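Novice: Structure below; questions to follow.
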Amino acid sequence: MSRILHHSLLATSVLSGPLLLLLYLALGAVVLPLGEVFSVIKYAVLADLDTARALFPRTSAILLHIRLPRALAALLAGSGLAIAGAAMQGLFRNPLASPDILGISAGSSLGAVLAITTGTALLHPLVLPGYAIVGALLSAALIYALALRSGAGQQLLFIILAGLALSSLLTGATSAALLLAEQYEISQFIFWTMGGLEGRMWPHVLWPAPFLVLFGALLIRLATALDLISLGEENAHGMGLDIEQTRRRTLILCALVTALAIAIAGPIGFIGLMVPHLVRLLFGPNHRLLLPLSAVVGAWLVLAADLLGRTLIAPHEIKVGIITALLGGSYFIFLIIRLQRQGKLA
């Protein structure tokens, strides 16, 4: 790819974001005038919300209490899932790798169904995401504890196999819990597993935001180490890289970031698989560029998918997880065919 085209794609991916965000805030079941949206944002930046509410009461209410927190939830979830996926693909040196390898989604689903079936999800809006994140982290911790017992040379393969086995086990436990659940509890769980952003308020996004930013920044700091691993473990070791420490840090950070993203938006599928691979095709495998760009593209993609879901059949909504599953499933089929043609799949 020529340098001019490379820079043009980079500039487009960065500059198109603010326009998409503006459309997201203005469009929906209720269309808000762009002038009023700009004015409310201006007063919010100036910390003069009383004036904004007095001049534009309807726009202020919709923008400040519904669409802005929902937009932040989309940006956080999309960036977290994408950067974790990029790091996992770099660590495993496999474009088909994703955070789901660690059994995180299955663990979060079990935590969610326990919160719903025990009735604790009704106590507070943050109980369900709290259970989900605990389940995700416990499953990741179990996988890592098992991996420590394997030989160093087989550790990555062992993690994959253990993750698949644990996912199957946790999915079975989730199904067993649903057998004992009431009909409305089953419906609530199915609704959650679709992945969605409706009803997201400031309390849902403000508490995980600093942790997601911190852990994402720590993943970006591992970019050079992941570049060395891409050359082969022997070469990386010969260049002075502590492979085991890098592997441990990457797995832990990916687990934390993915768990936080799932806690915000539910298990939105394919972002961690599709976005890093697409960015790698366009901008190359350099992780110092790949990781932050994956976070940016993932954030905008989830925001665009949610905007599409809110506007296609307004005032009804399509869950963002359904849209990403359709996009991701199509891309996944394309990816498999492409790898098979290149002889990278047996």
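Here's how to read the names in the structure tokens: chain A, B, ... by the order shown, residue numbers from 1 in each chain, ligand numbers from 1 in the order shown.
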Determine, counting only C-alpha atoms, which protein, DNA and RNA residues have an atom within 10 Å of an atom of region 117-125 of chain A; residues of the same chain fewer than 2 positions away are not included. Present the result as JSON, numbers by chain.

Specialist: {"A": [112, 113, 114, 115, 127, 128, 129, 130, 131, 177, 178, 180, 181, 182, 184, 185, 186, 188, 189, 199, 200, 201, 203, 204]}

Novice: So that I can check the surroundings of region 226-237 of chain A, please list as a list in words every protein, DNA and RNA residue that reaches within 7 Å of it, counting only C-alpha atoms and ignoring chain neighbours fewer than 4 positions away.

Specialist: Gly90, Leu91, Arg93, Leu222, Leu241, Asp242, Ile243, Asn286 and His287 of chain A

Novice: Can you write just those residues out, all heavy atoms, as a PDB file, in the first residue's frame?

Specialist:
ATOM      1  N   GLY A  90      -1.949 -10.811  18.235  1.00  0.00           N
ATOM      2  CA  GLY A  90      -0.504 -10.662  18.219  1.00  0.00           C
ATOM      3  C   GLY A  90       0.187 -11.678  19.099  1.00  0.00           C
ATOM      4  O   GLY A  90       1.235 -12.229  18.741  1.00  0.00           O
ATOM      5  N   LEU A  91      -0.388 -11.953  20.255  1.00  0.00           N
ATOM      6  CA  LEU A  91       0.222 -12.903  21.184  1.00  0.00           C
ATOM      7  C   LEU A  91       0.204 -14.322  20.624  1.00  0.00           C
ATOM      8  O   LEU A  91       1.195 -15.055  20.716  1.00  0.00           O
ATOM      9  CB  LEU A  91      -0.517 -12.856  22.522  1.00  0.00           C
ATOM     10  CG  LEU A  91       0.002 -13.792  23.615  1.00  0.00           C
ATOM     11  CD1 LEU A  91       1.409 -13.391  24.037  1.00  0.00           C
ATOM     12  CD2 LEU A  91      -0.934 -13.783  24.823  1.00  0.00           C
ATOM     13  N   ARG A  93      -0.223 -15.032  17.459  1.00  0.00           N
ATOM     14  CA  ARG A  93       0.219 -14.990  16.066  1.00  0.00           C
ATOM     15  C   ARG A  93      -0.795 -15.708  15.168  1.00  0.00           C
ATOM     16  O   ARG A  93      -0.445 -16.505  14.297  1.00  0.00           O
ATOM     17  CB  ARG A  93       1.607 -15.613  15.919  1.00  0.00           C
ATOM     18  CG  ARG A  93       2.720 -14.777  16.512  1.00  0.00           C
ATOM     19  CD  ARG A  93       4.064 -15.420  16.362  1.00  0.00           C
ATOM     20  NE  ARG A  93       4.192 -16.591  17.211  1.00  0.00           N
ATOM     21  CZ  ARG A  93       5.137 -17.520  17.093  1.00  0.00           C
ATOM     22  NH1 ARG A  93       6.024 -17.415  16.121  1.00  0.00           N
ATOM     23  NH2 ARG A  93       5.187 -18.542  17.899  1.00  0.00           N
ATOM     24  N   LEU A 222       2.691  -2.590  25.491  1.00  0.00           N
ATOM     25  CA  LEU A 222       3.255  -3.893  25.144  1.00  0.00           C
ATOM     26  C   LEU A 222       3.428  -4.068  23.635  1.00  0.00           C
ATOM     27  O   LEU A 222       3.764  -5.160  23.176  1.00  0.00           O
ATOM     28  CB  LEU A 222       2.355  -5.010  25.688  1.00  0.00           C
ATOM     29  CG  LEU A 222       2.265  -5.142  27.209  1.00  0.00           C
ATOM     30  CD1 LEU A 222       1.220  -6.182  27.591  1.00  0.00           C
ATOM     31  CD2 LEU A 222       3.620  -5.523  27.797  1.00  0.00           C
ATOM     32  N   LEU A 241      13.784 -10.369  25.193  1.00  0.00           N
ATOM     33  CA  LEU A 241      12.412 -10.234  25.672  1.00  0.00           C
ATOM     34  C   LEU A 241      12.075 -11.362  26.639  1.00  0.00           C
ATOM     35  O   LEU A 241      12.346 -12.534  26.362  1.00  0.00           O
ATOM     36  CB  LEU A 241      11.437 -10.261  24.491  1.00  0.00           C
ATOM     37  CG  LEU A 241       9.954 -10.168  24.853  1.00  0.00           C
ATOM     38  CD1 LEU A 241       9.624  -8.803  25.439  1.00  0.00           C
ATOM     39  CD2 LEU A 241       9.088 -10.448  23.627  1.00  0.00           C
ATOM     40  N   ASP A 242      11.495 -11.004  27.767  1.00  0.00           N
ATOM     41  CA  ASP A 242      10.991 -11.994  28.719  1.00  0.00           C
ATOM     42  C   ASP A 242       9.613 -12.445  28.218  1.00  0.00           C
ATOM     43  O   ASP A 242       8.597 -11.788  28.477  1.00  0.00           O
ATOM     44  CB  ASP A 242      10.885 -11.387  30.120  1.00  0.00           C
ATOM     45  CG  ASP A 242      10.558 -12.430  31.187  1.00  0.00           C
ATOM     46  OD1 ASP A 242       9.959 -13.470  30.834  1.00  0.00           O
ATOM     47  OD2 ASP A 242      10.867 -12.201  32.369  1.00  0.00           O
ATOM     48  N   ILE A 243       9.582 -13.562  27.506  1.00  0.00           N
ATOM     49  CA  ILE A 243       8.366 -13.997  26.831  1.00  0.00           C
ATOM     50  C   ILE A 243       7.281 -14.369  27.839  1.00  0.00           C
ATOM     51  O   ILE A 243       6.110 -14.013  27.661  1.00  0.00           O
ATOM     52  CB  ILE A 243       8.665 -15.178  25.900  1.00  0.00           C
ATOM     53  CG1 ILE A 243       9.625 -14.729  24.785  1.00  0.00           C
ATOM     54  CG2 ILE A 243       7.378 -15.731  25.296  1.00  0.00           C
ATOM     55  CD1 ILE A 243      10.052 -15.830  23.864  1.00  0.00           C
ATOM     56  N   ASN A 286       2.330  -3.603  12.402  1.00  0.00           N
ATOM     57  CA  ASN A 286       3.059  -2.904  13.467  1.00  0.00           C
ATOM     58  C   ASN A 286       2.106  -2.618  14.633  1.00  0.00           C
ATOM     59  O   ASN A 286       1.173  -1.825  14.509  1.00  0.00           O
ATOM     60  CB  ASN A 286       3.643  -1.600  12.929  1.00  0.00           C
ATOM     61  CG  ASN A 286       4.552  -0.916  13.944  1.00  0.00           C
ATOM     62  OD1 ASN A 286       4.462  -1.138  15.148  1.00  0.00           O
ATOM     63  ND2 ASN A 286       5.454  -0.082  13.446  1.00  0.00           N
ATOM     64  N   HIS A 287       2.366  -3.243  15.779  1.00  0.00           N
ATOM     65  CA  HIS A 287       1.437  -3.129  16.908  1.00  0.00           C
ATOM     66  C   HIS A 287       1.412  -1.735  17.523  1.00  0.00           C
ATOM     67  O   HIS A 287       0.429  -1.383  18.179  1.00  0.00           O
ATOM     68  CB  HIS A 287       1.791  -4.165  17.985  1.00  0.00           C
ATOM     69  CG  HIS A 287       1.374  -5.554  17.613  1.00  0.00           C
ATOM     70  ND1 HIS A 287       2.164  -6.382  16.856  1.00  0.00           N
ATOM     71  CD2 HIS A 287       0.230  -6.252  17.865  1.00  0.00           C
ATOM     72  CE1 HIS A 287       1.553  -7.547  16.677  1.00  0.00           C
ATOM     73  NE2 HIS A 287       0.376  -7.493  17.272  1.00  0.00           N
TER      74      HIS A 287
END

Novice: To one decimal place, how far is CA of Val320 (chain A) from CA of Ala136 (chain A) in Å?

Specialist: 20.7 Å

Novice: Might you pull out every residue within 10 Å of Leu75 (chain A), with only C-alpha atoms counted and same-chain residues fewer than 4 positions away left off, and present them as a PDB file with C-alpha atoms, in the first residue's frame?

Specialist:
ATOM      1  CA  LEU A  21     -20.626  11.036  16.869  1.00  0.00           C
ATOM      2  CA  PRO A  69     -23.900   8.168  28.194  1.00  0.00           C
ATOM      3  CA  ARG A  70     -25.030   5.653  25.577  1.00  0.00           C
ATOM      4  CA  ALA A  71     -22.472   7.014  23.106  1.00  0.00           C
ATOM      5  CA  SER A  79     -12.471   0.141  21.833  1.00  0.00           C
ATOM      6  CA  GLY A  80     -11.976  -2.353  24.669  1.00  0.00           C
ATOM      7  CA  ALA A 261     -16.379  -4.101  28.026  1.00  0.00           C
ATOM      8  CA  ALA A 295      -9.322   0.798  19.587  1.00  0.00           C
ATOM      9  CA  VAL A 296     -10.405   3.782  17.476  1.00  0.00           C
ATOM     10  CA  VAL A 297     -12.004   1.727  14.697  1.00  0.00           C
ATOM     11  CA  GLY A 298     -13.689  -0.588  17.195  1.00  0.00           C
ATOM     12  CA  ALA A 299     -15.188   2.374  19.026  1.00  0.00           C
ATOM     13  CA  TRP A 300     -16.541   3.953  15.838  1.00  0.00           C
ATOM     14  CA  LEU A 301     -17.837   0.615  14.528  1.00  0.00           C
ATOM     15  CA  VAL A 302     -19.918  -0.102  17.634  1.00  0.00           C
ATOM     16  CA  LEU A 303     -21.169   3.494  17.613  1.00  0.00           C
ATOM     17  CA  ALA A 304     -22.173   3.174  13.936  1.00  0.00           C
TER      18      ALA A 304
END

Novice: Here is a test: counting only C-alpha atoms, which residue of A:His316, A:Phe92, A:Gly17, A:Ser187 is nearest to Arg247 (chain A)?

Specialist: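 Smallest separation from Arg247 (chain A) among the options: A:Phe92.
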
Novice: Of the candidates A:Pro267, A:Gly172, A:Gly85, A:Gly28, which shows the shortest atom-to-atom distance to Ala325 (chain A), using only C-alpha atoms?

Specialist: A:Pro267

Novice: For each of A:Ala84, A:Met274, A:Ile252, A:Ala140, take the minimum atom-to-atom distance to Ala106 (chain A), counting only C-alpha atoms, then give the residue where this is smallest.

Specialist: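 Selected residue with least distance to Ala106 (chain A): A:Ala140.
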
Novice: Please provide as a list in words all residues within 12 Å of region 43-50 of chain A, with the sequence filter that same-chain residues fewer than 5 positions apart are discarded (counting only C-alpha atoms).

Specialist: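 Residues near the query, excluding close chain neighbours: Glu36, Val37, Phe38, Leu55, Phe56, Pro57, Thr59, Ser60, Ala61, Leu63, Leu64 and Leu68 of chain A.
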
Novice: When you draw a straight line from CA of Met88 (chain A) to CA of Cys254 (chain A), how long is it in Å?

Specialist: 7.3 Å

Novice: Show which residues sit within 9 Å of Pro276 (chain A), as a ChimeraX atom specification. Count only C-alpha atoms, and ignore same-chain residues fewer than 6 positions away.

Specialist: /A:82-83,85-87,89,95,290-291,293-295,297-298

Novice: With N, CA and C atoms kept, could you save the residues just selected as an mmCIF file, in the first residue's frame?

Specialist:
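Wrote it out as result.cif, contents follow:
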data_model
loop_
_atom_site.group_PDB
_atom_site.id
_atom_site.type_symbol
_atom_site.label_atom_id
_atom_site.label_comp_id
_atom_site.auth_asym_id
_atom_site.auth_seq_id
_atom_site.Cartn_x
_atom_site.Cartn_y
_atom_site.Cartn_z
ATOM 1 N N ALA A 82 -11.924 -4.367 20.788
ATOM 2 C CA ALA A 82 -11.029 -4.362 19.622
ATOM 3 C C ALA A 82 -9.561 -4.410 20.030
ATOM 4 N N ILE A 83 -9.182 -3.638 21.039
ATOM 5 C CA ILE A 83 -7.768 -3.620 21.428
ATOM 6 C C ILE A 83 -7.380 -4.931 22.093
ATOM 7 N N GLY A 85 -8.720 -7.824 21.295
ATOM 8 C CA GLY A 85 -8.599 -8.754 20.186
ATOM 9 C C GLY A 85 -7.291 -8.594 19.434
ATOM 10 N N ALA A 86 -6.866 -7.352 19.215
ATOM 11 C CA ALA A 86 -5.601 -7.107 18.523
ATOM 12 C C ALA A 86 -4.424 -7.676 19.310
ATOM 13 N N ALA A 87 -4.450 -7.482 20.621
ATOM 14 C CA ALA A 87 -3.363 -7.998 21.459
ATOM 15 C C ALA A 87 -3.354 -9.523 21.469
ATOM 16 N N GLN A 89 -4.478 -11.546 19.094
ATOM 17 C CA GLN A 89 -4.012 -12.034 17.799
ATOM 18 C C GLN A 89 -2.500 -11.896 17.679
ATOM 19 N N PRO A 95 -4.635 -14.741 13.227
ATOM 20 C CA PRO A 95 -5.690 -13.748 12.968
ATOM 21 C C PRO A 95 -7.077 -14.213 13.380
ATOM 22 N N LEU A 290 -1.193 -0.654 15.214
ATOM 23 C CA LEU A 290 -2.328 -1.564 15.173
ATOM 24 C C LEU A 290 -3.196 -1.466 16.428
ATOM 25 N N LEU A 291 -2.586 -1.429 17.603
ATOM 26 C CA LEU A 291 -3.359 -1.436 18.840
ATOM 27 C C LEU A 291 -4.210 -0.166 19.006
ATOM 28 N N LEU A 293 -5.099 2.043 16.723
ATOM 29 C CA LEU A 293 -6.060 2.167 15.627
ATOM 30 C C LEU A 293 -7.202 1.172 15.769
ATOM 31 N N SER A 294 -6.914 -0.019 16.269
ATOM 32 C CA SER A 294 -7.981 -0.984 16.508
ATOM 33 C C SER A 294 -8.967 -0.445 17.539
ATOM 34 N N ALA A 295 -8.444 0.205 18.574
ATOM 35 C CA ALA A 295 -9.322 0.798 19.587
ATOM 36 C C ALA A 295 -10.212 1.870 18.972
ATOM 37 N N VAL A 297 -11.059 2.291 15.662
ATOM 38 C CA VAL A 297 -12.004 1.727 14.697
ATOM 39 C C VAL A 297 -13.084 0.922 15.404
ATOM 40 N N GLY A 298 -12.700 0.171 16.443
ATOM 41 C CA GLY A 298 -13.689 -0.588 17.195
ATOM 42 C C GLY A 298 -14.721 0.309 17.851
#

Novice: Could you pull out the residues in region 52-158 of chain A that DSSP calls alpha helix (DSSP H) from the backbone, as a ChimeraX atom specification?

Specialist: /A:52-55,57-62,68-92,104-117,127-148,155-158
